[in-house]
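Undergrad: Coordinates in coords.txt, compact mmCIF, C-alpha atoms, are listed below.
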```
# COMPACT_ATOMS: atom_id res chain seq x y z
CA MET E 1 27.20 33.07 13.33
CA GLY E 2 28.70 30.72 10.83
CA CYS E 3 28.21 32.76 7.69
CA VAL E 4 29.87 35.97 8.87
CA GLU E 5 33.18 34.74 7.50
CA SER E 6 31.68 34.59 4.03
CA MET E 7 30.42 38.19 4.15
CA ASP E 8 32.17 41.11 2.51
CA TYR E 9 32.82 42.98 5.76
CA GLU E 10 35.06 45.71 7.02
CA ILE E 11 36.37 45.70 10.60
CA VAL E 12 35.44 49.00 12.21
CA LEU E 13 36.82 48.26 15.70
CA ARG E 14 38.88 45.49 17.26
CA ASP E 15 40.60 44.79 20.60
CA ALA E 16 37.79 46.48 22.52
CA THR E 17 35.54 44.97 25.15
CA PHE E 18 31.94 44.24 24.26
CA LYS E 19 30.74 47.18 26.35
CA GLU E 20 33.26 49.52 24.67
CA SER E 21 32.00 48.29 21.29
CA ARG E 22 28.43 49.13 22.30
CA GLU E 23 29.44 52.65 23.38
CA PHE E 24 31.38 53.12 20.14
CA ILE E 25 28.26 52.41 18.08
CA LYS E 26 26.14 54.77 20.16
CA LYS E 27 28.69 57.59 19.87
CA GLN E 28 29.75 57.15 16.26
CA PHE E 29 26.44 56.45 14.54
CA LYS E 30 23.38 58.66 14.64
CA GLU E 31 21.16 55.70 13.89
CA TYR E 32 21.21 52.55 15.98
CA LEU E 33 18.80 50.09 17.51
CA ASP E 34 19.08 48.02 20.66
CA VAL E 35 18.34 44.31 20.34
CA GLN E 36 18.50 41.26 22.55
CA PRO E 37 20.99 38.37 22.18
CA GLY E 38 19.83 35.96 19.52
CA PHE E 39 18.35 38.70 17.32
CA LYS E 40 19.02 37.93 13.66
CA VAL E 41 21.18 40.30 11.66
CA PHE E 42 21.60 39.06 8.09
CA ASP E 43 21.36 35.29 8.63
CA THR E 44 23.19 35.19 11.94
CA HIS E 45 22.17 35.39 15.59
CA VAL E 46 24.07 38.20 17.30
CA ILE E 47 25.46 37.50 20.74
CA GLY E 48 26.45 39.90 23.47
CA LEU E 49 25.57 41.53 26.74
CA PRO E 50 22.08 43.00 26.37
CA PRO E 51 21.19 45.44 25.02
CA ILE E 52 23.21 44.90 21.85
CA ALA E 53 23.55 48.05 19.75
CA ILE E 54 23.31 47.67 15.96
CA GLY E 55 24.44 50.72 14.01
CA LEU E 56 23.00 51.99 10.73
CA ASP E 57 24.88 54.30 8.35
CA GLY E 58 23.18 54.69 4.99
CA ASP E 59 23.17 51.24 3.44
CA PHE E 60 25.72 49.95 5.94
CA VAL E 61 24.92 47.80 8.99
CA ILE E 62 27.41 47.83 11.88
CA PHE E 63 27.18 44.96 14.36
CA PRO E 64 29.34 43.16 16.96
CA PHE E 65 30.87 39.76 16.31
CA THR E 66 32.54 37.85 19.16
CA LYS E 67 34.83 34.83 18.96
CA PRO E 68 36.12 33.03 22.09
CA CYS E 69 39.81 33.50 21.30
CA HIS E 70 39.70 36.83 19.47
CA GLY E 71 37.21 38.91 21.43
CA THR E 72 34.71 41.32 19.93
CA PHE E 73 34.95 42.98 16.54
CA LEU E 74 32.62 45.59 15.12
CA LEU E 75 31.88 44.68 11.52
CA ARG E 76 30.46 46.92 8.80
CA VAL E 77 28.57 45.30 5.95
CA GLU E 78 26.84 47.06 3.05
CA ASP E 79 23.34 45.70 2.41
CA LYS E 80 20.53 48.00 1.39
CA GLU E 81 17.75 45.52 2.14
CA GLU E 82 19.03 44.56 5.58
CA ALA E 83 19.56 48.22 6.53
CA ALA E 84 15.97 48.95 5.45
CA ARG E 85 14.64 45.96 7.41
CA LEU E 86 16.42 47.08 10.57
CA ARG E 87 15.22 50.67 10.11
CA ALA E 88 11.65 49.39 9.88
CA ILE E 89 12.10 47.47 13.14
CA LYS E 90 13.60 50.54 14.78
CA LYS E 91 10.51 52.65 14.09
CA MET M 1 4.69 -0.39 28.31
CA THR M 2 3.86 0.07 31.96
CA GLY M 3 2.08 3.36 31.54
CA GLU M 4 4.23 4.92 34.22
CA PRO M 5 5.43 8.45 33.50
CA THR M 6 9.10 8.71 32.59
CA THR M 7 11.25 11.49 33.99
CA GLN M 8 13.94 13.08 31.87
CA PRO M 9 17.37 13.37 33.49
CA ALA M 10 18.62 16.85 34.32
CA THR M 11 20.91 18.38 31.72
CA ALA M 12 23.85 20.75 31.73
CA LEU M 13 25.66 22.70 29.04
CA LEU M 14 29.34 23.54 29.46
CA VAL M 15 30.24 26.58 27.34
CA LEU M 16 33.98 26.54 26.82
CA GLY M 17 36.10 29.61 26.25
CA CYS M 18 39.34 29.96 24.36
CA PRO M 19 41.55 27.10 25.59
CA GLN M 20 44.67 29.24 25.96
CA VAL M 21 44.44 28.99 29.78
CA PRO M 22 45.33 25.40 30.72
CA VAL M 23 42.95 24.88 33.65
CA GLN M 24 39.86 24.98 31.43
CA THR M 25 40.24 21.46 30.02
CA SER M 26 41.06 19.96 33.41
CA ILE M 27 38.16 21.63 35.22
CA ALA M 28 35.76 20.81 32.39
CA LEU M 29 36.56 17.09 32.67
CA TYR M 30 36.28 17.27 36.47
CA LEU M 31 32.92 19.04 36.27
CA ILE M 32 31.62 16.57 33.68
CA ASN M 33 32.55 13.71 36.02
CA ARG M 34 30.78 15.29 38.97
CA LEU M 35 27.69 16.06 36.93
CA LYS M 36 27.47 12.51 35.56
CA LYS M 37 27.87 11.03 39.03
CA ALA M 38 24.93 13.21 40.11
CA GLY M 39 22.82 11.88 37.22
CA ILE M 40 23.06 15.08 35.19
CA VAL M 41 23.69 14.70 31.45
CA PRO M 42 26.46 17.07 30.34
CA THR M 43 26.88 18.53 26.85
CA VAL M 44 29.98 20.46 25.85
CA ALA M 45 29.92 23.42 23.45
CA GLY M 46 33.12 25.11 22.37
CA ASN M 47 35.17 26.15 19.40
CA LYS M 48 37.12 23.53 17.49
CA ALA M 49 40.32 23.86 19.54
CA ALA M 50 38.58 23.72 22.93
CA ASN M 51 36.46 20.72 21.92
CA THR M 52 39.39 18.85 20.38
CA LEU M 53 41.45 19.19 23.57
CA LEU M 54 38.71 17.32 25.42
CA VAL M 55 38.00 14.73 22.73
CA VAL M 56 41.68 13.80 22.40
CA ALA M 57 42.07 13.55 26.18
CA ASP M 58 39.08 11.20 26.50
CA PRO M 59 39.19 8.96 23.40
CA ASP M 60 36.97 6.25 24.87
CA ARG M 61 34.48 8.83 26.10
CA HIS M 62 34.63 7.78 29.73
CA TYR M 63 33.68 11.33 30.69
CA LEU M 64 32.55 13.17 27.57
CA GLY M 65 29.06 12.85 26.21
CA GLU M 66 27.76 15.07 23.46
CA VAL M 67 30.18 17.66 22.10
CA MET M 68 28.95 20.40 19.79
CA ASP M 69 30.10 23.55 18.06
CA LEU M 70 29.49 26.65 20.16
CA ASP M 71 27.83 28.62 17.36
CA ARG M 72 25.45 25.70 16.75
CA ALA M 73 24.53 25.59 20.43
CA ILE M 74 23.71 29.31 20.39
CA VAL M 75 21.48 28.87 17.34
CA MET M 76 19.60 25.88 18.82
CA ILE M 77 18.91 27.64 22.12
CA THR M 78 17.92 30.89 20.40
CA GLU M 79 15.51 29.07 18.12
CA ASN M 80 14.01 27.18 21.09
CA LYS M 81 15.04 23.83 19.64
CA ARG M 82 16.99 22.89 22.71
CA ASP M 83 17.72 24.10 26.23
CA PHE M 84 19.37 22.89 29.41
CA ASP M 85 18.72 22.94 33.16
CA ARG M 86 22.17 24.24 34.07
CA CYS M 87 24.71 26.18 32.02
CA PHE M 88 28.36 26.57 32.99
CA VAL M 89 30.25 29.28 31.12
CA PHE M 90 34.05 29.26 31.33
CA ILE M 91 35.43 32.79 31.47
CA HIS M 92 38.96 34.14 31.38
CA ASN M 93 38.52 37.05 28.96
CA ASP M 94 35.95 39.57 27.73
CA ALA M 95 34.62 37.16 25.12
CA GLY M 96 33.74 34.76 27.95
CA VAL M 97 31.78 37.53 29.68
CA THR M 98 29.95 38.17 26.41
CA TYR M 99 29.01 34.51 25.99
CA ALA M 100 27.85 34.29 29.61
CA GLY M 101 25.62 37.36 29.24
CA THR M 102 24.22 35.83 26.08
CA MET M 103 23.44 32.50 27.76
CA SER M 104 21.82 34.31 30.67
CA ALA M 105 19.53 36.09 28.20
CA ILE M 106 18.64 33.30 25.76
CA SER M 107 18.54 30.20 27.98
CA LYS M 108 16.22 29.21 30.78
CA ALA M 109 19.11 27.37 32.43
CA LYS M 110 20.53 28.36 35.79
CA VAL M 111 23.81 29.99 34.76
CA TYR M 112 27.07 29.40 36.61
CA THR M 113 30.10 31.42 35.53
CA ILE M 114 33.44 29.70 36.08
CA ILE M 115 35.96 32.53 36.21
CA TYR M 116 39.72 32.03 36.27
CA GLY M 117 42.98 33.37 34.92
CA GLU M 118 45.25 36.23 35.93
CA HIS M 119 42.50 38.86 35.78
CA TYR M 120 39.69 36.88 37.39
CA GLU M 121 38.81 39.60 39.92
CA ASP M 122 38.15 42.18 37.17
CA LEU M 123 35.99 39.65 35.36
CA VAL M 124 33.95 38.84 38.49
CA LYS M 125 33.01 42.53 38.73
CA GLN M 126 31.42 42.29 35.29
CA MET M 127 28.87 39.66 36.33
CA ASP M 128 25.96 42.13 36.29
CA PHE M 129 23.47 39.61 34.89
CA PRO M 130 21.76 36.68 36.67
CA CYS M 131 24.41 34.05 37.39
CA THR M 132 26.30 32.27 40.17
CA PRO M 133 30.02 33.12 39.92
CA ILE M 134 32.59 30.46 40.82
CA ALA M 135 35.99 32.13 40.72
CA ALA M 136 39.65 31.59 41.57
CA LYS M 137 43.04 32.79 40.41
CA ALA M 138 43.95 29.69 38.43
CA VAL M 139 46.05 29.53 35.30
CA HIS M 140 48.16 26.36 35.32
CA ASN M 141 47.12 24.84 38.63
CA PRO M 142 43.45 23.79 38.62
CA LEU M 143 43.23 23.12 42.36
CA PRO M 144 42.11 26.62 43.48
CA LEU M 145 39.30 26.51 40.92
CA LYS M 146 38.41 22.93 41.85
CA LYS M 147 38.14 24.04 45.47
CA ALA M 148 35.84 26.95 44.54
CA LEU M 149 33.72 24.59 42.46
CA ASP M 150 33.48 22.03 45.27
CA GLU M 151 32.35 24.75 47.69
CA VAL M 152 29.41 25.68 45.45
CA ALA M 153 28.73 22.05 44.41
CA PRO M 154 26.44 23.01 41.51
CA TRP M 155 25.80 19.33 40.74
CA ALA M 156 23.94 19.08 44.06
CA ALA M 157 21.87 22.26 43.67
```
I'd like the structure from this file rewritten - as structure tokens, please.
TA:
Amino acid sequence: MGCVESMDYEIVLRDATFKESREFIKKQFKEYLDVQPGFKVFDTHVIGLPPIAIGLDGDFVIFPFTKPCHGTFLLRVEDKEEAARLRAIKK
Amino acid sequence: MTGEPTTQPATALLVLGCPQVPVQTSIALYLINRLKKAGIVPTVAGNKAANTLLVVADPDRHYLGEVMDLDRAIVMITENKRDFDRCFVFIHNDAGVTYAGTMSAISKAKVYTIIYGEHYEDLVKQMDFPCTPIAAKAVHNPLPLKKALDEVAPWAA
């Protein structure tokens, strides 16, 4: 997930476990899809305990990002095309 | 050319966690040594700090073989460009659990989770995906974890 650092992202949640992050997405966002580890969001392969929840909120995509020393963050990135692509997969 | 079929040696991937718990580097080198003695080719994947601790400790590469960035390893396995026969994931925090669950899902390797640290018992309870846990309360002293590893002897499996 090398290019996440270069994205214009907002941190929605930090200091939570991966499972708590998944529940947060399912509770906070009406739209979400479940994917398997390795699924590509933007140009990165998401990792996590399956199923991985990806949230959708208008043109925003909310997804987990885990680093070995910093744990899991939920990131929110605005991208109309990616949100539309994920919505199409969800259907 | 003799025409005889060649057999590829077995391979193993060691997925390192955050190196803030000292036993990781020690047990990784020990495991690499045991794997190599068993004819298994080990590859290490970690973040920069975890990899550098190993590389500096073994400058002549008596133990270490290939060392790669963890994100790169994930990409290669996900894109079916590479895989391993065994995968050892070092776990002492929730991120380690996340990486182990990922490896269990994306790799065909037999996954062993090496669980240590102050909260190892809580982490063991989270192994709800296919894996063989190897666990001990080890932070500074690697011997309890070495003992647990020797009991399972994954290099002989």
Undergrad: Per residue of stretch 2-73 of chain E within 10 Å of stretch 75-81 of chain M, what are the shortest atom pair and its distance in Å to one decimal, counting all atoms listed in the file, with rows by chain and residue number, as a tab-separated table?
TA:
```
residue	atom	partner	partner_atom	distance
E:Gly2	CA	M:Val75	CA	9.9
E:Pro37	CA	M:Thr78	CA	8.3
E:Gly38	CA	M:Thr78	CA	5.5
E:Phe39	CA	M:Thr78	CA	8.4
E:Lys40	CA	M:Thr78	CA	9.8
E:Thr44	CA	M:Val75	CA	8.5
E:His45	CA	M:Val75	CA	6.8
E:Val46	CA	M:Val75	CA	9.7
```
Undergrad: Using all atoms listed in the file, which of E:Asp57, E:Glu31, E:Glu23, E:Asp43 sits nearest chain M?
TA: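 Among the listed residues, E:Asp43 lies closest to chain M.
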Undergrad: Hey, list the chain E side of the contact with chain M: 9 Å cut-off, only C-alpha atoms, answer as a ChimeraX atom specification.
TA: /E:1-2,16-18,36-39,44-45,47-50,66-72
Undergrad: What does the structure give for the distance between atom CA of E:Val4 and atom CA of E:Phe42, in Å to one decimal?
TA: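 Distance reported for this atom pair: 8.9 Å.
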Undergrad: Kindly give the distance, in Å, that separates atom CA of M:Val139 and atom CA of M:Val21, rounded to a single decimal.
TA: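 So the two atoms, atom CA of M:Val139 and atom CA of M:Val21, lie 5.8 Å apart.
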Undergrad: Find the residues around M:Ala45 up to 7 Å (only C-alpha atoms counted), leave out those fewer than 6 positions away in its own chain, and share them as a PyMOL selection string.
TA: chain M and resi 14-16+67-70+73
Undergrad: Centre and edge lengths of an axis-aligned box around all listed atoms of stretch 32-39 of chain E, with 6 Å added on each side, are to be given in Å to one decimal, as lines of an AutoDock Vina configuration file.
TA:
```
center_x = 19.8
center_y = 44.3
center_z = 19.3
size_x = 14.9
size_y = 28.6
size_z = 18.6
```
